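J.: Can you read through this structure? Questions will come right after.
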Amino acid sequence: MTGGRTILVIEDEEDVREPNVIALELAGFKVLQAGGWEEALRVHGQRRDVDLIVTDLIMPDRARLAVFSELRRQLGPIPVIVLSGHPGAIRLLTNVLHGVVRWLQKPVDSGSLVAAIREAIDEGTV
Amino acid sequence: MREPSEPLPAAWRQDSRGSPDRGGGSAISRYAFALVSSLVALGVTLLLTRWLEDFPLLIFLTAVLASAARGGTGPGIVSTLACGFSLLVATHELADRFAIPRVNLGAEVVRLAIFLCVSAAISLLAGAGRRAGAERDALLLRAQDARRQAEAANLAKDQFLATVSHELRNPLAAILAWANLLRGPGRSEQNVERALEVIERNTRLQALLIDDLLDVSRIVAGKLRLEVRPTTLGPPLEAAVDAIRPAAEAKRIALRIELDDEAGVVNGDPARLQQVFWNLLSNAVKFTPEGGEVRVRLTRSLSHALLEVRDTGVGIAADSIPHLFERFWQEQTDSGPRSRGLGLGLAIVRNLVDLHGGAITVHSAGLGSGASFRITLPLIEPRFESPATYAREA
């Protein structure tokens with residue numbers, strides 16, 4: 001049950017991004033990808049068809065958070081699923097990132113990621 | 001310990017709103033103040049003679065008190081002496097001007113002695129107060145320094161844990177994601193090949209990260225031991241080059257090797273030396289863009305073997321060079337650390353080189369200009385040249 005939704009996957013580690021993209025495509029989603037927030041803003045910033053962002057958090061700092069905020073502003077108020085290998089980031093950023101519907105602690109297997117997206121769709125948040 | 005005459009730091013001045021500045025300016029200004037206040041006391045006494053009659057003691061005591069409070073014991077004593085002299089002058093001046101019968105010499109001496117004793121006591125007490133205040137300031141500063149250091153250490157620990165956690169989870173994330181993909185409908189022949197390659201590479205990466213962490217732990221505890229024996233540098237260097245070659249070829253980086261067969265023998269641990277060489281080569285390949293070049297040159301001087309690893313990579317900013325060999329340090333760019341990793345490789349390299357009695361230096365003309373690392377290691381048998389050769393080299 002994907003309803004033809006488009007997911008933007010942002011992850012700087014290609015070894016992690018690639019299997020997630022394959023798994024999401026196999027699950028029936030249309031998948032866009034980027035190696036970072038700057039690239040996502042540059043390549044996909046003008047799109048109007050993104051339904052969900054799945055993003056990694058890499059040692060967040062203020063400068064890069066500003067890039068992510070700009071990406072959110074350009075893409076519109078779409079929900080976000082955050083993958084993080086940095087346990088503190090979740091606490092740190094809960095009040096900064098709006099629209100986060102799921103936090104998943106790395107390492108995340110692609111099955112859990114697909115399940116989390118489907119749950120969010122079932123809840124009507126995506 | 002901070003000298004009493006030094007101005008208090010801004011932070012302390014902010015914390016002690018309303019309290020007087022115990023600094024009191026430089027020594028010269030404090031002694032000058034003592035003399036000027038004594039002169040002012042004399043002037044006021046002479047101006048107010050009509051009302052003071054023959055009792056100007058309080059004005060002079062006020063001058064001493066002000067000098068001691070501002071400048072401490074020394075200026076207080078100077079003011080005491082100046083005021084004692086002024087008191088004598090004033091007493092005689094008043095007596096002459098108003099034809100006041102002079103008190104006898106004995107009474108005058110007693111009066112002066114009382115003034116000097118009281119003034120000296122005031123000066124000593126003020127000096128003790130100033131010293132106590134200065135010690136309190138110093139203690140407060142030390143406490144603030146200790147708190148800042150503790151906060152910085154705590155922050156460094158948090159950052160370290162966050163970095164380690166992130167870097168250790170990344171290979172696991174790749175391994176888990178690919179393994180999971182192979183269990184489902186994504187198990188195509190192409191994906192199996194790719195998954196095996198990623199899993200193998202990330203497992204090795206994970207092992208390297210853990211080895212680096214253990215090495216740093218041993219270094220910090222002073223427990224890193226070398227298995228030293230006479231070692232020819234060629235074999236460990238060639239092994240390191242062979243290990244890095246696939247990564248260089250993947251980025252189409254040309255590896256150029258120049259080995260001097262006469263490079264000599266050092267007292268060293270071959271495995272650790274290979275680790276040093278591999279770290280430098282790995283660093284060079286990591287920071288050199290596709291199509292670049294990495295040159296490795298092993299030569300010797302009279303007493304040392306010289307290894308140089310030179311690359312055409314991204315280079316190093318001048319302000320980064322002093323930090324390059326610090327543990328957990330990573331060069332920052334506008335978008336975060338320049339590279340992934342724990343920032344331990346070069347710190348370990350320097351430590352291993354130190355343990356071998358050698359030295360490592362780095363040179364880069366700046367960002368975009370490549371970098372060059374040079375290691376010197378002492379040879380077991382230095383080459384003896386003729387005195388003429390030594391003279392030329394000197």
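By order in the structure tokens, chains are A, B, ...; within a chain, residues start at 1; ligands start at 1, following the order shown.
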What's the 7 Å shell around Ile81 (chain A), counting only C-alpha atoms, without same-chain residues fewer than 2 positions away, as a ChimeraX atom specification?

T.: /A:53-55,79,83,100-103

J.: Could you work out which residues of chain B fall inside 12 Å of chain A? Count only C-alpha atoms, and format the result as a PyMOL selection string.

T.: chain B and resi 158-188+191-192+194-202+332-337+339-340

J.: Considering only helix (DSSP H, G or I) as DSSP defines it on the backbone, what residues of region 350-379 of chain B qualify? List them as a PyMOL selection string.

T.: chain B and resi 350-355

J.: Determine which residues of region 1-120 of chain A receive a DSSP assignment of strand (DSSP E), computed from the backbone, and state them as a list in words.

T.: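 Result set for region 1-120 of chain A (strand (DSSP E)): Thr6, Ile7, Leu8, Val9, Ile10, Lys30, Val31, Leu32, Gln33, Ala34, Leu52, Ile53, Val54, Thr55, Asp56, Leu57, Val80, Ile81, Val82, Leu83, Ser84, Val100, Val101, Arg102, Trp103, Leu104 and Gln105 of chain A.
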
J.: Can you pull out the residues contacting Arg118 (chain A)? Cut-off 12 Å, using only C-alpha atoms, and skip same-chain residues under 3 positions away; I want them as a PyMOL selection string.

T.: chain A and resi 1-3+5+7+24+27-29+52+81+101-102+111-115+121-126

J.: Please, what distance in Å, to one decimal, runs between CA of Ser29 (chain B) and CA of Gly129 (chain B)?

T.: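 About the pair CA of Ser29 (chain B) and CA of Gly129 (chain B): they are 19.3 Å apart.
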
J.: Compare A:Leu8, A:Val31, A:Val21, A:Leu71 by their minimum atom-to-atom distance to Gly45 (chain A), counting only C-alpha atoms, and give me the closest one.

T.: A:Leu71

J.: Have a look at CA of Arg47 (chain A) and CA of Leu75 (chain A) and let me know their distance in Å, one decimal.

T.: 6.6 Å

J.: Could you please determine the separation between CA of Phe60 (chain B) and CA of Ala41 (chain B) in Å, to one decimal place?

T.: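 Between CA of Phe60 (chain B) and CA of Ala41 (chain B) the gap is 5.6 Å.
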